[in-house]
>>> print(open('run26.cif').read())   # mmCIF, C-alpha atoms
data_start
loop_
_atom_site.label_atom_id
_atom_site.label_comp_id
_atom_site.auth_asym_id
_atom_site.auth_seq_id
_atom_site.Cartn_x
_atom_site.Cartn_y
_atom_site.Cartn_z
CA GLU D 1 145.61 129.31 84.81
CA LEU D 2 143.61 126.42 83.39
CA LEU D 3 140.66 128.55 82.29
CA GLY D 4 142.98 131.19 80.84
CA ALA D 5 144.76 128.58 78.75
CA LEU D 6 141.46 127.17 77.48
CA GLU D 7 140.19 130.67 76.65
CA GLU D 8 143.41 131.44 74.74
CA GLY D 9 142.83 128.20 72.82
CA GLY D 10 139.34 129.36 71.80
CA VAL D 11 137.61 126.84 74.08
CA ARG D 12 134.34 127.76 75.81
CA ALA D 13 134.87 126.12 79.19
CA LEU D 14 132.41 126.12 82.08
CA PRO D 15 133.83 124.90 85.36
CA PHE D 16 131.20 123.38 87.61
CA LYS D 17 131.33 121.94 91.10
CA GLY D 18 134.74 122.32 92.77
CA THR D 19 136.11 125.79 93.32
CA VAL D 20 133.35 127.64 91.43
CA LEU D 21 130.60 125.93 93.42
CA GLU D 22 132.53 126.61 96.61
CA ALA D 23 132.86 130.33 95.87
CA PHE D 24 129.20 130.69 94.83
CA ALA D 25 127.50 128.55 97.46
CA TYR D 26 129.77 129.03 100.45
CA GLY D 27 131.15 132.50 99.70
CA GLU D 28 134.82 131.57 99.93
CA VAL D 29 137.41 129.02 98.85
CA GLY D 30 138.44 126.40 101.39
CA MET D 31 134.96 125.48 102.64
CA ARG D 32 134.60 122.09 100.90
CA ALA D 33 136.85 119.25 99.80
CA TYR D 34 137.11 118.12 96.19
CA ARG D 35 139.57 115.99 94.28
CA ASP D 36 139.32 117.33 90.75
CA LEU D 37 138.31 120.25 88.56
CA ASP D 38 135.25 119.55 86.40
CA VAL D 39 135.01 121.45 83.11
CA LEU D 40 132.12 121.31 80.67
CA VAL D 41 132.81 122.23 77.03
CA PRO D 42 130.68 122.13 73.86
CA ARG D 43 131.17 118.92 71.88
CA GLU D 44 132.92 120.78 69.05
CA ASP D 45 135.45 122.24 71.55
CA LEU D 46 136.38 118.93 73.22
CA THR D 47 139.33 118.09 70.98
CA ASP D 48 140.75 121.62 71.29
CA ALA D 49 140.29 121.55 75.08
CA VAL D 50 142.25 118.33 75.45
CA ASP D 51 144.91 119.57 73.00
CA VAL D 52 145.36 122.73 75.10
CA LEU D 53 145.71 120.72 78.31
CA GLU D 54 148.11 118.20 76.79
CA ALA D 55 150.26 121.08 75.51
CA ARG D 56 150.53 122.18 79.15
CA GLY D 57 151.65 118.78 80.38
CA TYR D 58 148.34 117.14 81.31
CA GLU D 59 148.00 113.47 80.40
CA TRP D 60 144.94 111.27 79.94
CA THR D 61 144.89 108.82 82.82
CA ASP D 62 143.24 105.87 81.03
CA ALA D 63 145.48 105.25 78.01
CA PRO D 64 147.51 107.10 75.41
CA ARG D 65 145.25 109.46 73.46
CA LEU D 66 145.16 108.35 69.85
CA ASP D 67 141.93 110.11 68.92
CA ASP D 68 138.77 111.31 70.66
CA SER D 69 136.45 108.42 69.78
CA PRO D 70 136.43 106.99 73.35
CA VAL D 71 134.63 110.16 74.50
CA LEU D 72 132.90 111.32 71.31
CA GLY D 73 132.04 107.95 69.77
CA GLY D 74 132.27 107.31 66.07
CA PRO D 75 129.99 106.98 63.06
CA LEU D 76 128.95 103.48 64.17
CA THR D 77 129.92 103.47 67.84
CA ILE D 78 128.81 105.07 71.06
CA PRO D 79 131.20 106.82 73.45
CA LEU D 80 133.02 104.42 75.80
CA VAL D 81 133.77 106.92 78.58
CA PRO D 82 131.90 110.11 79.54
CA GLU D 83 134.92 112.35 79.99
CA TYR D 84 138.63 112.83 79.75
CA GLU D 85 140.37 112.56 83.09
CA LEU D 86 143.67 114.37 82.78
CA ARG D 87 146.44 114.78 85.32
CA ARG D 88 149.47 116.93 85.77
CA ASP D 89 151.34 116.41 89.02
CA ARG D 90 148.59 116.39 91.67
CA THR D 91 146.05 118.34 89.62
CA HIS D 92 143.18 116.30 88.19
CA VAL D 93 140.90 117.77 85.52
CA GLU D 94 137.79 116.15 84.07
CA VAL D 95 136.77 117.53 80.67
CA ARG D 96 133.37 116.53 79.33
CA CYS D 97 130.92 117.64 76.67
CA GLY D 98 127.85 116.23 78.42
CA VAL D 99 126.73 115.35 81.90
CA GLY D 100 124.57 112.25 81.71
CA ASP D 101 125.21 109.01 79.90
CA ALA D 102 123.15 106.31 78.16
CA ALA D 103 122.15 104.74 81.49
CA GLN D 104 121.26 108.08 83.10
CA PRO D 105 120.30 110.59 80.44
CA PHE D 106 120.61 114.24 81.39
CA ASP D 107 122.14 116.25 78.64
CA PRO D 108 121.57 119.99 78.77
CA ASP D 109 122.91 121.76 75.70
CA VAL D 110 126.34 123.11 76.63
CA LYS D 111 126.04 126.00 74.17
CA THR D 112 122.81 127.08 75.89
CA LEU D 113 124.52 126.76 79.28
CA TRP D 114 127.37 128.90 77.93
CA ASP D 115 124.95 131.56 76.67
CA ARG D 116 123.26 131.73 80.10
CA ARG D 117 126.50 131.68 82.09
CA GLU D 118 127.40 134.22 84.72
CA ALA D 119 130.66 135.14 86.40
CA VAL D 120 131.66 133.95 89.85
CA THR D 121 134.61 135.49 91.67
CA VAL D 122 137.21 132.90 92.68
CA ALA D 123 140.34 134.11 94.48
CA GLY D 124 139.85 137.63 93.11
CA SER D 125 139.25 136.59 89.49
CA ASP D 126 135.94 136.40 87.65
CA VAL D 127 135.46 132.99 86.06
CA PRO D 128 132.59 131.73 83.90
CA ALA D 129 130.07 129.61 85.79
CA LEU D 130 126.70 128.00 85.32
CA ALA D 131 123.68 130.24 85.82
CA PRO D 132 122.02 129.62 89.21
CA VAL D 133 119.13 127.57 87.80
CA ASP D 134 121.50 125.45 85.71
CA ARG D 135 123.75 124.99 88.74
CA LEU D 136 120.83 123.68 90.81
CA ARG D 137 119.76 121.28 88.05
CA MET D 138 123.34 120.04 87.67
CA LEU D 139 123.77 119.49 91.40
CA ALA D 140 120.42 117.70 91.65
CA PHE D 141 121.38 115.41 88.78
CA HIS D 142 124.86 114.76 90.19
CA GLY D 143 123.53 113.83 93.62
CA THR D 144 120.78 111.65 92.15
CA LYS D 145 123.19 109.92 89.77
CA HIS D 146 125.35 108.90 92.73
CA LYS D 147 122.33 108.16 94.97
CA TRP D 148 123.35 111.02 97.30
CA HIS D 149 126.12 108.76 98.58
CA LEU D 150 128.09 111.61 100.17
CA LEU D 151 126.56 114.07 102.63
CA LYS D 152 128.58 116.89 101.05
CA TRP D 153 126.44 116.64 97.89
CA THR D 154 123.33 117.36 99.95
CA CYS D 155 125.16 120.21 101.68
CA ASP D 156 126.30 121.60 98.32
CA PHE D 157 122.76 121.57 96.98
CA ALA D 158 121.40 123.20 100.15
CA ALA D 159 124.13 125.88 100.12
CA ALA D 160 123.62 126.61 96.40
CA LEU D 161 119.87 126.81 96.97
CA ALA D 162 120.35 129.22 99.88
CA ALA D 163 122.52 131.44 97.63
CA THR D 164 119.91 131.42 94.83
CA ASP D 165 116.47 132.90 94.38
CA PRO D 166 115.37 130.31 91.83
CA ASP D 167 112.69 130.57 89.21
CA TRP D 168 111.13 127.22 90.16
CA GLN D 169 109.39 126.83 86.80
CA ARG D 170 112.79 126.91 85.07
CA VAL D 171 114.33 124.57 87.65
CA ILE D 172 111.53 122.03 87.22
#
>>> encode(input="run26.cif", output="structure tokens")
Amino acid sequence: ELLGALEEGGVRALPFKGTVLEAFAYGEVGMRAYRDLDVLVPREDLTDAVDVLEARGYEWTDAPRLDDSPVLGGPLTIPLVPEYELRRDRTHVEVRCGVGDAAQPFDPDVKTLWDRREAVTVAGSDVPALAPVDRLRMLAFHGTKHKWHLLKWTCDFAAALAATDPDWQRVI
């Protein structure tokens, strides 16, 4: 539903981690726990993505949304937060246009990720997903960023690696 709404709104949205990772790495839904849906969008699609979600009842959890400068920054300011965290009922969605931040730079071009995307089947529907090499890089960055605090991040990386025949030159 979420991806369909974003697509109807003209937003190029790449879910990563969560359900898409679960379907790709583990082969079925229900094999790992997660608390939110992570969606990566190109910078120029961020405003439209949040507009689409707000129109469907999602609300930004931090404060009322007056403009997008907290996430995008301004002409003389840097972004204050890396993503929008939106909620509707018990569904949490994180929408971001980058992965790293100033303290931990890792910023693959989302348009390039979109061009290299593949489809992953989730609950009988094909959804856009990161290409295998991009998925491995993203998981490695995510685990490293959080100092591999949770064992499930190591398991996710190992499962994604087992489901991939990576071109190691591209991964590195």
>>> atom_distance(input="run26.cif", atom1="CA of Pro75 in chain D", atom2="CA of Ala13 in chain D")
25.5 Å
>>> closest_residue(input="run26.cif", among="D:Leu53, D:Ile78, D:Leu21, D:Leu136", to="Ala33 in chain D", atoms="only C-alpha atoms")
D:Leu21
>>> resolve_selection(input="run26.cif", expression="the PyMOL selection byres ((chain D and resi 100) around 12)", output="MDAnalysis selection string")
chainID D and resid 40 79 81:83 96:99 101:109 138 141:142 144:146
>>> write_last_selection(input="run26.cif", atoms="C-alpha atoms", output="CSV table (one decimal), keeping the file's coordinate frame")
chain,number,residue,atom,x,y,z
D,40,LEU,CA,132.1,121.3,80.7
D,79,PRO,CA,131.2,106.8,73.4
D,81,VAL,CA,133.8,106.9,78.6
D,82,PRO,CA,131.9,110.1,79.5
D,83,GLU,CA,134.9,112.4,80.0
D,96,ARG,CA,133.4,116.5,79.3
D,97,CYS,CA,130.9,117.6,76.7
D,98,GLY,CA,127.8,116.2,78.4
D,99,VAL,CA,126.7,115.4,81.9
D,101,ASP,CA,125.2,109.0,79.9
D,102,ALA,CA,123.2,106.3,78.2
D,103,ALA,CA,122.2,104.7,81.5
D,104,GLN,CA,121.3,108.1,83.1
D,105,PRO,CA,120.3,110.6,80.4
D,106,PHE,CA,120.6,114.2,81.4
D,107,ASP,CA,122.1,116.2,78.6
D,108,PRO,CA,121.6,120.0,78.8
D,109,ASP,CA,122.9,121.8,75.7
D,138,MET,CA,123.3,120.0,87.7
D,141,PHE,CA,121.4,115.4,88.8
D,142,HIS,CA,124.9,114.8,90.2
D,144,THR,CA,120.8,111.6,92.2
D,145,LYS,CA,123.2,109.9,89.8
D,146,HIS,CA,125.4,108.9,92.7
>>> residues_around(input="run26.cif", residues="Thr164 in chain D", least_positions_apart="6", cutoff="10 Å", atoms="only C-alpha atoms", output="PDB file with C-alpha atoms, in the coordinates of the input")
ATOM      1  CA  PHE D  24     129.200 130.690  94.830  1.00  0.00           C
ATOM      2  CA  ALA D  25     127.500 128.550  97.460  1.00  0.00           C
ATOM      3  CA  ALA D 131     123.680 130.240  85.820  1.00  0.00           C
ATOM      4  CA  PRO D 132     122.020 129.620  89.210  1.00  0.00           C
ATOM      5  CA  VAL D 133     119.130 127.570  87.800  1.00  0.00           C
ATOM      6  CA  ARG D 135     123.750 124.990  88.740  1.00  0.00           C
ATOM      7  CA  LEU D 136     120.830 123.680  90.810  1.00  0.00           C
ATOM      8  CA  ALA D 158     121.400 123.200 100.150  1.00  0.00           C
TER       9      ALA D 158
END
>>> atom_distance(input="run26.cif", atom1="CA of Ser125 in chain D", atom2="CA of Phe16 in chain D")
15.6 Å
>>> resolve_selection(input="run26.cif", expression="the PyMOL selection byres ((chain D and resi 10) around 12)", output="compact mmCIF listing (two decimals) with C-alpha atoms, keeping the file's coordinate frame")
# COMPACT_ATOMS: atom_id res chain seq x y z
CA LEU D 3 140.66 128.55 82.29
CA GLY D 4 142.98 131.19 80.84
CA ALA D 5 144.76 128.58 78.75
CA LEU D 6 141.46 127.17 77.48
CA GLU D 7 140.19 130.67 76.65
CA GLU D 8 143.41 131.44 74.74
CA GLY D 9 142.83 128.20 72.82
CA VAL D 11 137.61 126.84 74.08
CA ARG D 12 134.34 127.76 75.81
CA ALA D 13 134.87 126.12 79.19
CA VAL D 41 132.81 122.23 77.03
CA PRO D 42 130.68 122.13 73.86
CA GLU D 44 132.92 120.78 69.05
CA ASP D 45 135.45 122.24 71.55
CA LEU D 46 136.38 118.93 73.22
CA THR D 47 139.33 118.09 70.98
CA ASP D 48 140.75 121.62 71.29
CA ALA D 49 140.29 121.55 75.08
CA VAL D 50 142.25 118.33 75.45
CA ASP D 51 144.91 119.57 73.00
CA VAL D 52 145.36 122.73 75.10
>>> atom_distance(input="run26.cif", atom1="CA of Pro15 in chain D", atom2="CA of Val39 in chain D")
4.3 Å
>>> closest_residue(input="run26.cif", among="D:Leu130, D:Asp165, D:Val120, D:Asp62", to="Val29 in chain D", atoms="only C-alpha atoms")
D:Val120
>>> closest_residue(input="run26.cif", among="D:Asp126, D:Glu54, D:Asp134, D:Glu118", to="Asp167 in chain D", atoms="all atoms listed in the file")
D:Asp134
>>> closest_residue(input="run26.cif", among="D:Val71, D:Arg43, D:Trp153, D:Val122", to="Gly27 in chain D", atoms="all atoms listed in the file")
D:Val122
>>> closest_residue(input="run26.cif", among="D:Trp114, D:Gly18, D:Leu76, D:Leu2", to="Arg88 in chain D", atoms="all atoms listed in the file")
D:Leu2
>>> residues_near_point(input="run26.cif", point="(140.7, 115.3, 81.7)", cutoff="9 Å", atoms="all atoms listed in the file", output="PyMOL selection string")
chain D and resi 37-39+50+53+58-61+83-87+92-96
>>> residues_around(input="run26.cif", residues="Glu28 in chain D", least_positions_apart="4", cutoff="10 Å", atoms="all atoms listed in the file", output="VMD selection string")
chain D and resid 19 to 24 32 121 to 123
>>> axis_aligned_box(input="run26.cif", around="range 163-168 of chain D", padding_each_side="4 Å", output="AutoDock Vina command-line options")
--center_x 116.8 --center_y 130.1 --center_z 93.4 --size_x 19.4 --size_y 13.7 --size_z 16.4
>>> residues_around(input="run26.cif", residues="Ala119 in chain D", least_positions_apart="4", cutoff="7 Å", atoms="only C-alpha atoms", output="ChimeraX atom specification")
/D:126-129
>>> decode(input="run26.cif", residues="range 93-120 of chain D", atoms="N, CA and C atoms", output="compact mmCIF listing (two decimals), in the first residue's frame")
# COMPACT_ATOMS: atom_id res chain seq x y z
N VAL D 93 7.32 4.70 9.56
CA VAL D 93 8.02 4.78 8.29
C VAL D 93 9.13 5.82 8.42
N GLU D 94 10.33 5.45 8.00
CA GLU D 94 11.43 6.41 7.94
C GLU D 94 11.72 6.70 6.48
N VAL D 95 11.62 7.97 6.11
CA VAL D 95 11.87 8.41 4.74
C VAL D 95 13.14 9.25 4.76
N ARG D 96 14.09 8.87 3.92
CA ARG D 96 15.37 9.59 3.88
C ARG D 96 15.85 9.73 2.45
N CYS D 97 16.70 10.72 2.23
CA CYS D 97 17.28 10.91 0.89
C CYS D 97 18.77 10.63 0.90
N GLY D 98 19.28 10.15 2.01
CA GLY D 98 20.68 9.74 2.12
C GLY D 98 20.79 8.73 3.24
N VAL D 99 21.96 8.16 3.38
CA VAL D 99 22.13 7.12 4.39
C VAL D 99 23.05 7.59 5.50
N GLY D 100 24.19 8.13 5.16
CA GLY D 100 25.13 8.60 6.17
C GLY D 100 24.75 9.99 6.65
N ASP D 101 25.63 10.54 7.47
CA ASP D 101 25.45 11.90 7.95
C ASP D 101 26.82 12.55 8.04
N ALA D 102 26.90 13.77 8.55
CA ALA D 102 28.17 14.49 8.60
C ALA D 102 29.21 13.73 9.42
N ALA D 103 28.78 13.09 10.50
CA ALA D 103 29.71 12.37 11.36
C ALA D 103 30.16 11.04 10.75
N GLN D 104 29.30 10.44 9.95
CA GLN D 104 29.59 9.15 9.33
C GLN D 104 29.18 9.20 7.87
N PRO D 105 30.04 9.78 7.03
CA PRO D 105 29.66 9.94 5.63
C PRO D 105 29.61 8.62 4.87
N PHE D 106 28.50 8.38 4.26
CA PHE D 106 28.28 7.28 3.33
C PHE D 106 27.05 7.70 2.56
N ASP D 107 27.24 8.16 1.37
CA ASP D 107 26.12 8.75 0.66
C ASP D 107 26.06 8.30 -0.78
N PRO D 108 25.68 7.04 -1.01
CA PRO D 108 25.53 6.62 -2.40
C PRO D 108 24.42 7.42 -3.07
N ASP D 109 24.60 7.69 -4.35
CA ASP D 109 23.62 8.46 -5.10
C ASP D 109 22.33 7.65 -5.25
N VAL D 110 21.24 8.18 -4.73
CA VAL D 110 19.97 7.45 -4.74
C VAL D 110 19.48 7.22 -6.16
N LYS D 111 19.72 8.17 -7.06
CA LYS D 111 19.29 7.96 -8.45
C LYS D 111 20.04 6.79 -9.09
N THR D 112 21.32 6.65 -8.76
CA THR D 112 22.09 5.50 -9.26
C THR D 112 21.56 4.21 -8.65
N LEU D 113 21.26 4.23 -7.36
CA LEU D 113 20.67 3.05 -6.72
C LEU D 113 19.35 2.69 -7.38
N TRP D 114 18.56 3.70 -7.71
CA TRP D 114 17.27 3.47 -8.37
C TRP D 114 17.49 2.83 -9.74
N ASP D 115 18.45 3.35 -10.49
CA ASP D 115 18.71 2.81 -11.83
C ASP D 115 19.19 1.36 -11.78
N ARG D 116 19.87 0.97 -10.71
CA ARG D 116 20.39 -0.40 -10.58
C ARG D 116 19.43 -1.33 -9.83
N ARG D 117 18.29 -0.83 -9.42
CA ARG D 117 17.37 -1.61 -8.57
C ARG D 117 16.95 -2.90 -9.25
N GLU D 118 16.43 -3.78 -8.44
CA GLU D 118 15.83 -5.01 -8.93
C GLU D 118 14.51 -5.19 -8.19
N ALA D 119 13.77 -6.18 -8.55
CA ALA D 119 12.50 -6.46 -7.87
C ALA D 119 12.70 -7.63 -6.91
N VAL D 120 12.06 -7.52 -5.76
CA VAL D 120 12.02 -8.60 -4.78
C VAL D 120 10.55 -8.89 -4.52
